[in-house]
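Participant: Quick one, entry.tsv (TSV, C-alpha atoms and all ligand atoms):
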chain	number	residue	atom	x	y	z
A	1	MET	CA	50.38	19.61	6.10
A	2	GLN	CA	48.31	22.73	6.90
A	3	THR	CA	45.41	22.55	9.32
A	4	ASP	CA	42.44	24.88	9.01
A	5	PHE	CA	42.11	25.70	12.72
A	6	LEU	CA	39.14	28.01	12.30
A	7	ARG	CA	37.14	25.22	10.65
A	8	LEU	CA	38.34	22.73	13.25
A	9	PHE	CA	37.19	24.79	16.23
A	10	LYS	CA	33.93	26.12	14.79
A	11	LYS	CA	30.96	25.28	16.99
A	12	PRO	CA	29.32	22.20	15.43
A	13	LEU	CA	25.75	22.30	14.18
A	14	LEU	CA	23.30	20.16	16.13
A	15	TYR	CA	24.03	16.44	15.54
A	16	GLU	CA	26.87	17.29	13.14
A	17	ARG	CA	28.93	14.17	12.42
A	18	THR	CA	32.63	14.26	11.65
A	19	GLU	CA	34.85	12.45	9.20
A	20	SER	CA	36.66	10.67	12.08
A	21	VAL	CA	35.68	7.05	12.76
A	22	PHE	CA	35.04	6.33	16.46
A	23	TRP	CA	33.58	2.87	17.33
A	24	ASP	CA	35.37	1.03	14.51
A	25	ASP	CA	38.68	2.91	14.47
A	26	ASP	CA	41.56	0.42	14.75
A	27	HIS	CA	43.25	2.11	17.72
A	28	ILE	CA	40.20	3.53	19.54
A	29	SER	CA	38.25	0.26	19.29
A	30	ALA	CA	41.12	-1.52	21.10
A	31	GLN	CA	40.90	1.04	23.95
A	32	LEU	CA	37.13	0.66	24.02
A	33	LEU	CA	37.34	-3.12	24.17
A	34	GLN	CA	39.64	-2.83	27.17
A	35	ALA	CA	37.11	-0.45	28.79
A	36	HIS	CA	34.19	-2.87	28.11
A	37	LEU	CA	36.14	-5.73	29.69
A	38	ASP	CA	37.17	-3.82	32.84
A	39	PRO	CA	34.63	-5.19	35.35
A	40	SER	CA	34.38	-2.03	37.43
A	41	PHE	CA	34.67	0.65	34.72
A	42	GLU	CA	31.55	2.63	33.75
A	43	GLY	CA	31.83	4.15	30.29
A	44	ALA	CA	31.78	1.65	27.42
A	45	SER	CA	29.64	-0.90	29.28
A	46	ARG	CA	28.22	-0.60	32.76
A	47	PRO	CA	30.07	-2.37	35.62
A	48	HIS	CA	29.79	-6.13	35.26
A	49	ALA	CA	27.98	-6.59	38.60
A	50	PHE	CA	25.21	-4.31	37.26
A	51	ILE	CA	25.05	-6.26	33.97
A	52	GLU	CA	24.60	-9.49	35.97
A	53	ARG	CA	21.70	-8.00	37.94
A	54	SER	CA	20.23	-6.37	34.84
A	55	ALA	CA	20.29	-9.60	32.79
A	56	GLU	CA	18.53	-11.43	35.65
A	57	TRP	CA	15.80	-8.78	35.82
A	58	ILE	CA	15.37	-8.84	32.03
A	59	GLY	CA	15.07	-12.64	32.11
A	60	ARG	CA	12.26	-12.37	34.69
A	61	THR	CA	10.50	-9.45	32.97
A	62	VAL	CA	10.69	-10.61	29.34
A	63	PRO	CA	11.11	-14.37	29.88
A	64	PRO	CA	12.88	-16.46	27.23
A	65	GLU	CA	10.06	-19.05	27.38
A	66	THR	CA	7.71	-16.44	25.81
A	67	TYR	CA	10.29	-14.28	23.99
A	68	PRO	CA	12.99	-16.73	22.85
A	69	ALA	CA	14.51	-14.90	19.85
A	70	LEU	CA	16.45	-11.88	21.07
A	71	LEU	CA	18.12	-9.15	19.00
A	72	ASP	CA	20.85	-7.31	20.94
A	73	LEU	CA	21.54	-3.99	19.15
A	74	GLY	CA	24.96	-2.49	19.90
A	75	CYS	CA	26.01	-5.69	21.67
A	76	GLY	CA	29.68	-4.64	22.02
A	77	PRO	CA	31.91	-7.58	23.03
A	78	GLY	CA	28.86	-9.60	24.10
A	79	LEU	CA	28.69	-9.00	27.86
A	80	TYR	CA	24.87	-8.99	27.80
A	81	ALA	CA	24.58	-11.39	24.86
A	82	GLU	CA	26.39	-14.13	26.78
A	83	LYS	CA	24.20	-13.67	29.86
A	84	PHE	CA	21.12	-13.76	27.62
A	85	ALA	CA	22.29	-16.97	25.91
A	86	GLN	CA	23.05	-18.57	29.28
A	87	GLY	CA	19.57	-17.51	30.44
A	88	GLY	CA	17.90	-19.42	27.59
A	89	TYR	CA	17.44	-16.86	24.77
A	90	ARG	CA	18.42	-17.51	21.15
A	91	VAL	CA	20.63	-14.46	20.65
A	92	THR	CA	21.62	-12.39	17.62
A	93	GLY	CA	24.07	-9.59	18.48
A	94	VAL	CA	24.71	-6.65	16.15
A	95	ASP	CA	27.58	-4.18	16.44
A	96	CYS	CA	29.52	-1.96	14.05
A	97	SER	CA	32.82	-2.48	15.89
A	98	ARG	CA	34.57	-5.35	14.10
A	99	ARG	CA	36.98	-5.67	17.01
A	100	SER	CA	34.13	-6.12	19.52
A	101	ILE	CA	32.32	-8.62	17.30
A	102	GLU	CA	35.52	-10.64	16.75
A	103	TYR	CA	36.11	-10.74	20.50
A	104	ALA	CA	32.45	-11.63	21.18
A	105	ALA	CA	32.43	-14.50	18.65
A	106	LYS	CA	35.68	-15.94	20.05
A	107	SER	CA	34.48	-15.64	23.63
A	108	ALA	CA	31.15	-17.35	22.84
A	109	ALA	CA	32.96	-20.20	21.03
A	110	GLU	CA	35.29	-20.69	24.02
A	111	LYS	CA	32.29	-20.89	26.35
A	112	GLY	CA	30.32	-23.19	24.04
A	113	LEU	CA	27.54	-20.60	23.59
A	114	HIS	CA	25.61	-20.47	20.33
A	115	ILE	CA	25.28	-16.76	19.62
A	116	ARG	CA	24.99	-15.28	16.14
A	117	TYR	CA	27.05	-12.10	15.85
A	118	LEU	CA	26.73	-9.64	12.96
A	119	SER	CA	29.21	-6.88	12.28
A	120	GLU	CA	26.74	-4.30	10.93
A	121	ASP	CA	25.37	-0.81	11.37
A	122	TYR	CA	22.01	-1.19	13.13
A	123	LEU	CA	20.71	1.86	11.25
A	124	HIS	CA	20.90	-0.26	8.06
A	125	LEU	CA	19.83	-3.59	9.49
A	126	SER	CA	17.61	-5.64	7.21
A	127	LEU	CA	17.25	-9.28	8.25
A	128	ARG	CA	14.72	-11.63	6.69
A	129	GLU	CA	13.31	-12.71	10.04
A	130	THR	CA	11.54	-11.33	13.06
A	131	PHE	CA	12.43	-11.50	16.73
A	132	ASP	CA	10.42	-11.76	19.95
A	133	PHE	CA	12.52	-9.26	21.84
A	134	ALA	CA	15.01	-6.48	20.96
A	135	ALA	CA	17.30	-4.75	23.43
A	136	MET	CA	19.49	-1.68	23.01
A	137	ILE	CA	21.33	-1.08	26.25
A	138	TYR	CA	23.41	1.76	27.65
A	139	CYS	CA	21.82	4.87	26.24
A	140	ASP	CA	22.72	4.38	22.56
A	141	TYR	CA	19.28	5.61	21.50
A	142	GLY	CA	19.98	9.18	22.67
A	143	ALA	CA	23.30	9.25	20.78
A	144	LEU	CA	21.28	9.28	17.55
A	145	SER	CA	19.87	12.35	15.80
A	146	ALA	CA	16.08	12.78	15.64
A	147	ASN	CA	16.03	11.35	12.08
A	148	GLU	CA	18.21	8.42	13.04
A	149	ARG	CA	15.96	7.67	16.03
A	150	ARG	CA	12.95	7.54	13.71
A	151	THR	CA	14.87	5.16	11.42
A	152	LEU	CA	15.94	3.03	14.37
A	153	LEU	CA	12.37	2.71	15.66
A	154	GLN	CA	11.20	1.68	12.17
A	155	ILE	CA	13.97	-0.92	11.96
A	156	VAL	CA	13.17	-2.36	15.38
A	157	HIS	CA	9.45	-2.38	14.55
A	158	ARG	CA	10.13	-4.24	11.30
A	159	HIS	CA	12.29	-6.84	13.06
A	160	LEU	CA	9.77	-7.64	15.81
A	161	ARG	CA	6.81	-9.98	15.57
A	162	PRO	CA	3.43	-8.54	16.62
A	163	GLY	CA	3.48	-8.49	20.43
A	164	GLY	CA	7.30	-8.47	20.44
A	165	ARG	CA	9.08	-6.31	23.03
A	166	PHE	CA	11.77	-3.65	22.89
A	167	LEU	CA	13.84	-2.59	25.92
A	168	PHE	CA	16.16	0.41	25.83
A	169	ASP	CA	17.44	3.21	28.05
A	170	VAL	CA	18.26	6.91	27.65
A	171	PHE	CA	19.67	9.76	29.72
A	172	SER	CA	16.96	11.86	31.34
A	173	ASP	CA	16.31	15.56	31.87
A	174	ALA	CA	17.97	15.14	35.28
A	175	ALA	CA	21.19	14.08	33.50
A	176	TYR	CA	20.92	17.14	31.23
A	177	ALA	CA	20.54	19.41	34.30
A	178	ALA	CA	23.60	17.80	35.93
A	179	PHE	CA	25.74	18.07	32.75
A	180	ARG	CA	28.47	20.70	33.29
A	181	GLU	CA	29.86	22.69	30.39
A	182	LYS	CA	33.66	22.80	30.34
A	183	THR	CA	36.68	23.10	28.09
A	184	THR	CA	39.78	21.10	28.98
A	185	TRP	CA	42.93	19.84	27.32
A	186	GLU	CA	45.17	16.85	27.78
A	187	VAL	CA	48.73	16.23	26.59
A	188	CYS	CA	49.68	12.60	25.84
A	189	PRO	CA	53.24	12.60	24.45
A	190	ASP	CA	53.37	8.78	24.32
A	191	GLY	CA	49.90	8.28	22.88
A	192	GLY	CA	46.78	7.27	24.76
A	193	PHE	CA	43.08	6.66	24.25
A	194	TRP	CA	42.71	8.69	21.03
A	195	SER	CA	45.90	7.78	19.18
A	196	ALA	CA	48.94	5.53	19.42
A	197	ASP	CA	51.05	8.58	18.42
A	198	GLY	CA	51.70	11.45	20.81
A	199	TYR	CA	48.83	13.97	20.80
A	200	VAL	CA	47.09	16.88	22.43
A	201	ALA	CA	43.34	16.47	22.97
A	202	LEU	CA	41.10	19.51	23.37
A	203	CYS	CA	37.74	18.64	24.90
A	204	ARG	CA	34.62	20.78	24.88
A	205	HIS	CA	31.49	19.77	26.79
A	206	GLU	CA	28.60	21.91	25.69
A	207	LYS	CA	24.84	22.05	26.21
A	208	TYR	CA	22.64	22.57	23.17
A	209	PRO	CA	18.94	23.51	23.26
A	210	GLU	CA	16.33	20.73	23.11
A	211	HIS	CA	18.11	18.85	25.92
A	212	VAL	CA	21.08	17.80	23.79
A	213	THR	CA	24.67	17.65	25.00
A	214	LEU	CA	27.89	17.44	23.01
A	215	GLU	CA	31.21	15.99	24.14
A	216	GLN	CA	33.61	17.13	21.44
A	217	THR	CA	37.26	16.06	21.32
A	218	ILE	CA	39.74	17.53	18.86
A	219	VAL	CA	42.90	15.45	18.63
A	220	LEU	CA	46.08	17.01	17.24
A	221	THR	CA	48.96	14.59	16.76
A	222	GLY	CA	52.68	15.35	16.56
A	223	GLN	CA	52.52	14.43	12.86
A	224	GLY	CA	50.16	17.35	12.20
A	225	ALA	CA	47.04	15.21	11.76
A	226	ALA	CA	43.78	16.42	13.29
A	227	GLY	CA	40.70	14.38	14.21
A	228	ARG	CA	37.35	15.54	15.55
A	229	TYR	CA	35.05	13.28	17.55
A	230	HIS	CA	31.49	14.18	18.54
A	231	ILE	CA	29.49	12.31	21.14
A	232	TRP	CA	25.95	13.66	21.05
A	233	ASN	CA	23.37	12.84	23.65
A	234	THR	CA	19.72	13.71	23.59
A	235	CYS	CA	18.26	13.65	27.09
A	236	PHE	CA	14.53	13.03	27.52
A	237	SER	CA	11.66	13.87	29.79
A	238	ARG	CA	9.41	10.89	30.40
A	239	GLU	CA	6.63	12.57	28.39
A	240	ALA	CA	8.83	13.43	25.37
A	241	LEU	CA	10.23	9.90	25.25
A	242	ILE	CA	6.83	8.25	25.48
A	243	SER	CA	5.38	10.47	22.78
A	244	GLU	CA	8.35	9.70	20.47
A	245	VAL	CA	8.02	5.91	20.79
A	246	GLN	CA	4.24	6.04	20.42
A	247	GLU	CA	4.73	7.92	17.14
A	248	GLY	CA	7.01	5.02	16.16
A	249	GLY	CA	4.11	2.59	16.61
A	250	PHE	CA	4.98	1.17	20.05
A	251	GLN	CA	2.95	0.82	23.24
A	252	VAL	CA	4.65	1.47	26.58
A	253	LYS	CA	4.56	-1.61	28.85
A	254	GLY	CA	6.93	-0.44	31.58
A	255	ILE	CA	9.06	2.47	32.72
A	256	CYS	CA	11.97	2.18	35.15
A	257	SER	CA	15.00	4.13	36.35
A	258	ASP	CA	17.42	1.60	34.90
A	259	VAL	CA	17.54	-1.64	32.91
A	260	ALA	CA	17.74	-3.61	36.17
A	261	GLY	CA	14.16	-2.71	37.12
A	262	ALA	CA	14.70	0.14	39.64
A	263	PRO	CA	11.34	1.93	40.12
A	264	TYR	CA	10.95	5.08	38.04
A	265	ARG	CA	11.98	8.32	39.82
A	266	GLU	CA	11.92	11.73	38.16
A	267	GLU	CA	15.38	12.59	39.51
A	268	SER	CA	17.03	9.47	38.06
A	269	PRO	CA	19.67	10.21	35.36
A	270	VAL	CA	18.38	7.27	33.30
A	271	ILE	CA	14.96	6.25	31.96
A	272	ALA	CA	14.45	2.67	30.76
A	273	LEU	CA	11.40	1.86	28.65
A	274	LEU	CA	9.89	-1.51	27.85
A	275	LEU	CA	7.78	-1.34	24.69
A	276	GLU	CA	5.49	-3.65	22.80
A	277	LYS	CA	4.87	-3.72	19.05
B	1	LIG	C1	27.75	2.21	24.94
B	1	LIG	S1	28.21	0.73	24.09
B	1	LIG	C2	27.08	-0.43	24.82
B	1	LIG	C3	27.46	-1.87	24.61
B	1	LIG	C4	26.51	-2.91	25.23
B	1	LIG	N1	25.12	-2.70	24.87
B	1	LIG	C5	26.66	-2.93	26.73
B	1	LIG	O1	25.82	-2.39	27.44
B	1	LIG	O2	27.64	-3.53	27.18
B	1	LIG	C6	27.50	1.04	22.48
B	1	LIG	C7	27.80	-0.04	21.45
B	1	LIG	O3	27.04	0.26	20.27
B	1	LIG	C8	27.86	0.09	19.13
B	1	LIG	N2	27.33	0.97	18.09
B	1	LIG	C9	27.31	2.33	18.06
B	1	LIG	N3	26.70	2.77	16.95
B	1	LIG	C10	26.33	1.66	16.25
B	1	LIG	C11	25.67	1.46	15.00
B	1	LIG	N4	25.26	2.49	14.26
B	1	LIG	N5	25.45	0.19	14.59
B	1	LIG	C12	25.88	-0.88	15.33
B	1	LIG	N6	26.50	-0.73	16.52
B	1	LIG	C13	26.72	0.51	16.97
B	1	LIG	C14	29.27	0.42	19.59
B	1	LIG	O4	30.25	-0.19	18.79
B	1	LIG	C15	29.24	-0.10	21.03
B	1	LIG	O5	29.69	-1.44	21.08
Take the structure in this file and express it as structure tokens.
Facilitator:
Amino acid sequence: MQTDFLRLFKKPLLYERTESVFWDDDHISAQLLQAHLDPSFEGASRPHAFIERSAEWIGRTVPPETYPALLDLGCGPGLYAEKFAQGGYRVTGVDCSRRSIEYAAKSAAEKGLHIRYLSEDYLHLSLRETFDFAAMIYCDYGALSANERRTLLQIVHRHLRPGGRFLFDVFSDAAYAAFREKTTWEVCPDGGFWSADGYVALCRHEKYPEHVTLEQTIVLTGQGAAGRYHIWNTCFSREALISEVQEGGFQVKGICSDVAGAPYREESPVIALLLEK
């Protein structure tokens, strides 16, 4: 098999997607599930002690007595969804990783929790019901392109009742300033995160204008196969984020430095917004 190296290494256009599947790839999703379930690892989910604190704060701030029906977008293996269900919400979790959803459903059944899990792309979600509260946690919003963010806001708006709330977080301008450009490579002869076969991974971290970062990984396996993975992140100033959600028809009810209620600070790498429809 011949690989077109020039095409492979060409600098991607802003928000360019690749043909390689990431979240739902059979091998990568198994590595990601392991990362989610590691209580101290920060990467797929936040450390479990933070999730515990965060779920408690959310329960006090958007109480299940007033906001019982909760839509958890990008719920992963259900770390938040289970805490929400235990806290008294009626939870629907949505995730495109079939492996995570299978794990989440099994875990909820074992714990006797009634959680509805849907294996779907939240950018195409169309349920015939509305919710009191939607959450999208761990900076997924900024991984979307500007068009996808508009679509996502419309979808959340459509799935909330009037007065319903939406909580989400993003990386801030401070995170963009701290992002370091670099090019590295890694040799994994016995396979690793990206492939079960031996591979070389070439990683490029690059800043784009408009406060966007790219983490690109090109994976070349011993069999001559090549995969490209792009993790885009749009970082926001408080003003830019507020203006974007207001254009989407939401009112800002709260702004914090994380989804556990830390007071807002300009230098925080994360901004969490609580919105109302
Ligand atoms: C960074 S993880 C966060 C998981 C969870 N919210 C948490 O904090 O533990 C992002 C999750 O969003 C899911 N995801 C990414 N894009 C998605 C999409 N378009 N539709 C549904 N789920 C998606 C991934 O499979 C992954 O489980």
Participant: Neighbours of segment 104-116 of chain A within 12 Å (all atoms listed in the file; same-chain residues fewer than 3 positions away dropped), as a ChimeraX atom specification?
Facilitator: /A:33,36-37,69-72,74-95,97-101,119
Participant: Could you list, with a cut-off of 9 Å and counting only C-alpha atoms, the residues of segment 6-67 of chain A near segment 249-266 of chain A, each shown with its nearest atom pair and the distance in Å rounded to one decimal, rows sorted by chain and ascending number, as a Markdown table?
Facilitator:
| residue | atom | partner | partner_atom | distance |
| --- | --- | --- | --- | --- |
| A:Phe50 | CA | A:Ala260 | CA | 7.6 |
| A:Ile51 | CA | A:Ala260 | CA | 8.1 |
| A:Arg53 | CA | A:Ala260 | CA | 6.2 |
| A:Ser54 | CA | A:Ala260 | CA | 3.9 |
| A:Ala55 | CA | A:Ala260 | CA | 7.3 |
| A:Glu56 | CA | A:Ala260 | CA | 7.9 |
| A:Trp57 | CA | A:Ala260 | CA | 5.5 |
| A:Ile58 | CA | A:Ala260 | CA | 7.1 |
| A:Thr61 | CA | A:Gly261 | CA | 8.7 |
Participant: Put those residues in a file: C-alpha atoms, as a PDB file, in the frame of the given file.
Facilitator:
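Output contents, as saved in result30.pdb:
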ATOM      1  CA  PHE A  50      25.210  -4.310  37.260  1.00  0.00           C
ATOM      2  CA  ILE A  51      25.050  -6.260  33.970  1.00  0.00           C
ATOM      3  CA  ARG A  53      21.700  -8.000  37.940  1.00  0.00           C
ATOM      4  CA  SER A  54      20.230  -6.370  34.840  1.00  0.00           C
ATOM      5  CA  ALA A  55      20.290  -9.600  32.790  1.00  0.00           C
ATOM      6  CA  GLU A  56      18.530 -11.430  35.650  1.00  0.00           C
ATOM      7  CA  TRP A  57      15.800  -8.780  35.820  1.00  0.00           C
ATOM      8  CA  ILE A  58      15.370  -8.840  32.030  1.00  0.00           C
ATOM      9  CA  THR A  61      10.500  -9.450  32.970  1.00  0.00           C
TER      10      THR A  61
END
Participant: Please enclose the listed atoms of segment 231-250 of chain A in an axis-aligned box, pad each side by 3 Å, and write out the centre and the three edge lengths in Å, rounded to one decimal, as AutoDock Vina command-line options.
Facilitator:
--center_x 16.8 --center_y 7.5 --center_z 23.3 --size_x 31.4 --size_y 18.7 --size_z 20.2
Participant: For segment 232-242 of chain A, work out the shell of residues within 9 Å, counting only C-alpha atoms and skipping chain neighbours fewer than 2 positions away, then give it as a short mmCIF file (atom, residue, chain, number, x, y, z; two decimals) with C-alpha atoms, in the coordinates of the input.
Facilitator:
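Printed below is part_35.cif as written:
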data_model
loop_
_atom_site.label_atom_id
_atom_site.label_comp_id
_atom_site.auth_asym_id
_atom_site.auth_seq_id
_atom_site.Cartn_x
_atom_site.Cartn_y
_atom_site.Cartn_z
CA LEU A 14 23.30 20.16 16.13
CA TYR A 15 24.03 16.44 15.54
CA GLU A 16 26.87 17.29 13.14
CA CYS A 139 21.82 4.87 26.24
CA ASP A 140 22.72 4.38 22.56
CA TYR A 141 19.28 5.61 21.50
CA GLY A 142 19.98 9.18 22.67
CA ALA A 143 23.30 9.25 20.78
CA LEU A 144 21.28 9.28 17.55
CA SER A 145 19.87 12.35 15.80
CA ALA A 146 16.08 12.78 15.64
CA VAL A 170 18.26 6.91 27.65
CA PHE A 171 19.67 9.76 29.72
CA SER A 172 16.96 11.86 31.34
CA ASP A 173 16.31 15.56 31.87
CA ALA A 174 17.97 15.14 35.28
CA ALA A 175 21.19 14.08 33.50
CA TYR A 176 20.92 17.14 31.23
CA GLU A 210 16.33 20.73 23.11
CA HIS A 211 18.11 18.85 25.92
CA VAL A 212 21.08 17.80 23.79
CA THR A 213 24.67 17.65 25.00
CA LEU A 214 27.89 17.44 23.01
CA GLU A 215 31.21 15.99 24.14
CA GLN A 216 33.61 17.13 21.44
CA HIS A 230 31.49 14.18 18.54
CA GLU A 244 8.35 9.70 20.47
CA VAL A 245 8.02 5.91 20.79
CA GLN A 246 4.24 6.04 20.42
CA GLU A 247 4.73 7.92 17.14
CA GLN A 251 2.95 0.82 23.24
CA VAL A 252 4.65 1.47 26.58
CA ILE A 255 9.06 2.47 32.72
CA GLU A 266 11.92 11.73 38.16
CA VAL A 270 18.38 7.27 33.30
CA ILE A 271 14.96 6.25 31.96
CA LEU A 273 11.40 1.86 28.65
#
Participant: Up to 7 Å from (39.9, 11.2, 17.5) in the file's coordinates: name the residues, counting only C-alpha atoms, as a PDB file with C-alpha atoms, keeping the file's coordinate frame.
Facilitator:
ATOM      1  CA  SER A  20      36.660  10.670  12.080  1.00  0.00           C
ATOM      2  CA  PHE A  22      35.040   6.330  16.460  1.00  0.00           C
ATOM      3  CA  TRP A 194      42.710   8.690  21.030  1.00  0.00           C
ATOM      4  CA  THR A 217      37.260  16.060  21.320  1.00  0.00           C
ATOM      5  CA  ILE A 218      39.740  17.530  18.860  1.00  0.00           C
ATOM      6  CA  VAL A 219      42.900  15.450  18.630  1.00  0.00           C
ATOM      7  CA  GLY A 227      40.700  14.380  14.210  1.00  0.00           C
ATOM      8  CA  ARG A 228      37.350  15.540  15.550  1.00  0.00           C
ATOM      9  CA  TYR A 229      35.050  13.280  17.550  1.00  0.00           C
TER      10      TYR A 229
END
Participant: Point out the residue among A:Pro68, A:Gly43, A:Gly224, A:Pro63 with the least atom-to-atom distance to ligand LIG 1 (chain B), counting all atoms listed in the file.
Facilitator: A:Gly43
Participant: What does the distance between atom CA of Glu148 of chain A and atom CA of Ser29 of chain A come to in Å, to one decimal place?
Facilitator: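 Interatomic distance, atom CA of Glu148 of chain A to atom CA of Ser29 of chain A: 22.5 Å.
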Participant: Which is closer to ligand LIG 1 (chain B) than all the others in A:Gly164, A:Gly191, A:Pro47, A:Gly248, using only C-alpha atoms and all ligand atoms?
Facilitator: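 Looking at the shortest contact to ligand LIG 1 (chain B), the residue is A:Pro47.
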Participant: Might you pull out every residue within 12 Å of Asp190 of chain A, with all atoms listed in the file counted and same-chain residues fewer than 6 positions away left off, and present them as a ChimeraX atom specification?
Facilitator: /A:196-200,221-222
Participant: Rank nothing, just name the residue among A:Arg128, A:Arg150, A:Arg46, A:His205 nearest to ligand LIG 1 (chain B), using only C-alpha atoms and all ligand atoms.
Facilitator: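 Among the listed residues, the smallest separation from ligand LIG 1 (chain B) belongs to A:Arg46.
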Participant: Have a look at atom C3 of ligand LIG 1 (chain B) and atom CA of Ser45 of chain A and let me know their distance in Å, one decimal.
Facilitator: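 That distance, rounded to one decimal, is 5.2 Å.
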Participant: Expressed in Å to a single decimal, how great is the separation between atom CA of Cys96 of chain A and atom CA of Leu118 of chain A?
Facilitator: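 For atom CA of Cys96 of chain A relative to atom CA of Leu118 of chain A, the distance reads 8.2 Å.
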Participant: Would you mind telling me which residue in A:Leu125, A:Ala35, A:Leu275, A:Val187 lies nearest to Ala201 of chain A when using all atoms listed in the file?
Facilitator: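 Among A:Leu125, A:Ala35, A:Leu275, A:Val187, it is A:Val187 that comes nearest to Ala201 of chain A.
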Participant: Between A:Glu186, A:Glu129, A:Asp121, A:Asp26, which one has atoms that come closest to ligand LIG 1 (chain B), using only C-alpha atoms and all ligand atoms?
Facilitator: A:Asp121
Participant: Just add N, CA and C atoms to segment 59-73 of chain A and send it as a PDB file, in the frame of the given file.
Facilitator:
ATOM      1  N   GLY A  59      15.527 -11.259  32.266  1.00  0.00           N
ATOM      2  CA  GLY A  59      15.070 -12.640  32.110  1.00  0.00           C
ATOM      3  C   GLY A  59      13.745 -12.900  32.827  1.00  0.00           C
ATOM      4  N   ARG A  60      13.526 -12.202  33.958  1.00  0.00           N
ATOM      5  CA  ARG A  60      12.260 -12.370  34.690  1.00  0.00           C
ATOM      6  C   ARG A  60      11.141 -11.560  34.036  1.00  0.00           C
ATOM      7  N   THR A  61      11.509 -10.397  33.467  1.00  0.00           N
ATOM      8  CA  THR A  61      10.500  -9.450  32.970  1.00  0.00           C
ATOM      9  C   THR A  61      10.054  -9.788  31.543  1.00  0.00           C
ATOM     10  N   VAL A  62      10.995 -10.249  30.732  1.00  0.00           N
ATOM     11  CA  VAL A  62      10.690 -10.610  29.340  1.00  0.00           C
ATOM     12  C   VAL A  62      11.202 -12.057  29.167  1.00  0.00           C
ATOM     13  N   PRO A  63      10.510 -13.030  29.746  1.00  0.00           N
ATOM     14  CA  PRO A  63      11.110 -14.370  29.880  1.00  0.00           C
ATOM     15  C   PRO A  63      11.375 -15.058  28.537  1.00  0.00           C
ATOM     16  N   PRO A  64      12.502 -15.790  28.480  1.00  0.00           N
ATOM     17  CA  PRO A  64      12.880 -16.460  27.230  1.00  0.00           C
ATOM     18  C   PRO A  64      11.872 -17.523  26.799  1.00  0.00           C
ATOM     19  N   GLU A  65      11.074 -18.031  27.739  1.00  0.00           N
ATOM     20  CA  GLU A  65      10.060 -19.050  27.380  1.00  0.00           C
ATOM     21  C   GLU A  65       9.025 -18.416  26.435  1.00  0.00           C
ATOM     22  N   THR A  66       8.705 -17.123  26.637  1.00  0.00           N
ATOM     23  CA  THR A  66       7.710 -16.440  25.810  1.00  0.00           C
ATOM     24  C   THR A  66       8.360 -15.619  24.693  1.00  0.00           C
ATOM     25  N   TYR A  67       9.584 -15.166  24.946  1.00  0.00           N
ATOM     26  CA  TYR A  67      10.290 -14.280  23.990  1.00  0.00           C
ATOM     27  C   TYR A  67      11.663 -14.870  23.668  1.00  0.00           C
ATOM     28  N   PRO A  68      11.696 -16.028  22.995  1.00  0.00           N
ATOM     29  CA  PRO A  68      12.990 -16.730  22.850  1.00  0.00           C
ATOM     30  C   PRO A  68      14.006 -16.055  21.920  1.00  0.00           C
ATOM     31  N   ALA A  69      13.540 -15.430  20.828  1.00  0.00           N
ATOM     32  CA  ALA A  69      14.510 -14.900  19.850  1.00  0.00           C
ATOM     33  C   ALA A  69      14.824 -13.444  20.172  1.00  0.00           C
ATOM     34  N   LEU A  70      16.060 -13.205  20.549  1.00  0.00           N
ATOM     35  CA  LEU A  70      16.450 -11.880  21.070  1.00  0.00           C
ATOM     36  C   LEU A  70      17.473 -11.212  20.149  1.00  0.00           C
ATOM     37  N   LEU A  71      17.223  -9.949  19.834  1.00  0.00           N
ATOM     38  CA  LEU A  71      18.120  -9.150  19.000  1.00  0.00           C
ATOM     39  C   LEU A  71      18.795  -8.107  19.895  1.00  0.00           C
ATOM     40  N   ASP A  72      20.108  -8.219  20.059  1.00  0.00           N
ATOM     41  CA  ASP A  72      20.850  -7.310  20.940  1.00  0.00           C
ATOM     42  C   ASP A  72      21.561  -6.273  20.062  1.00  0.00           C
ATOM     43  N   LEU A  73      21.014  -5.053  20.031  1.00  0.00           N
ATOM     44  CA  LEU A  73      21.540  -3.990  19.150  1.00  0.00           C
ATOM     45  C   LEU A  73      22.641  -3.212  19.861  1.00  0.00           C
TER      46      LEU A  73
END
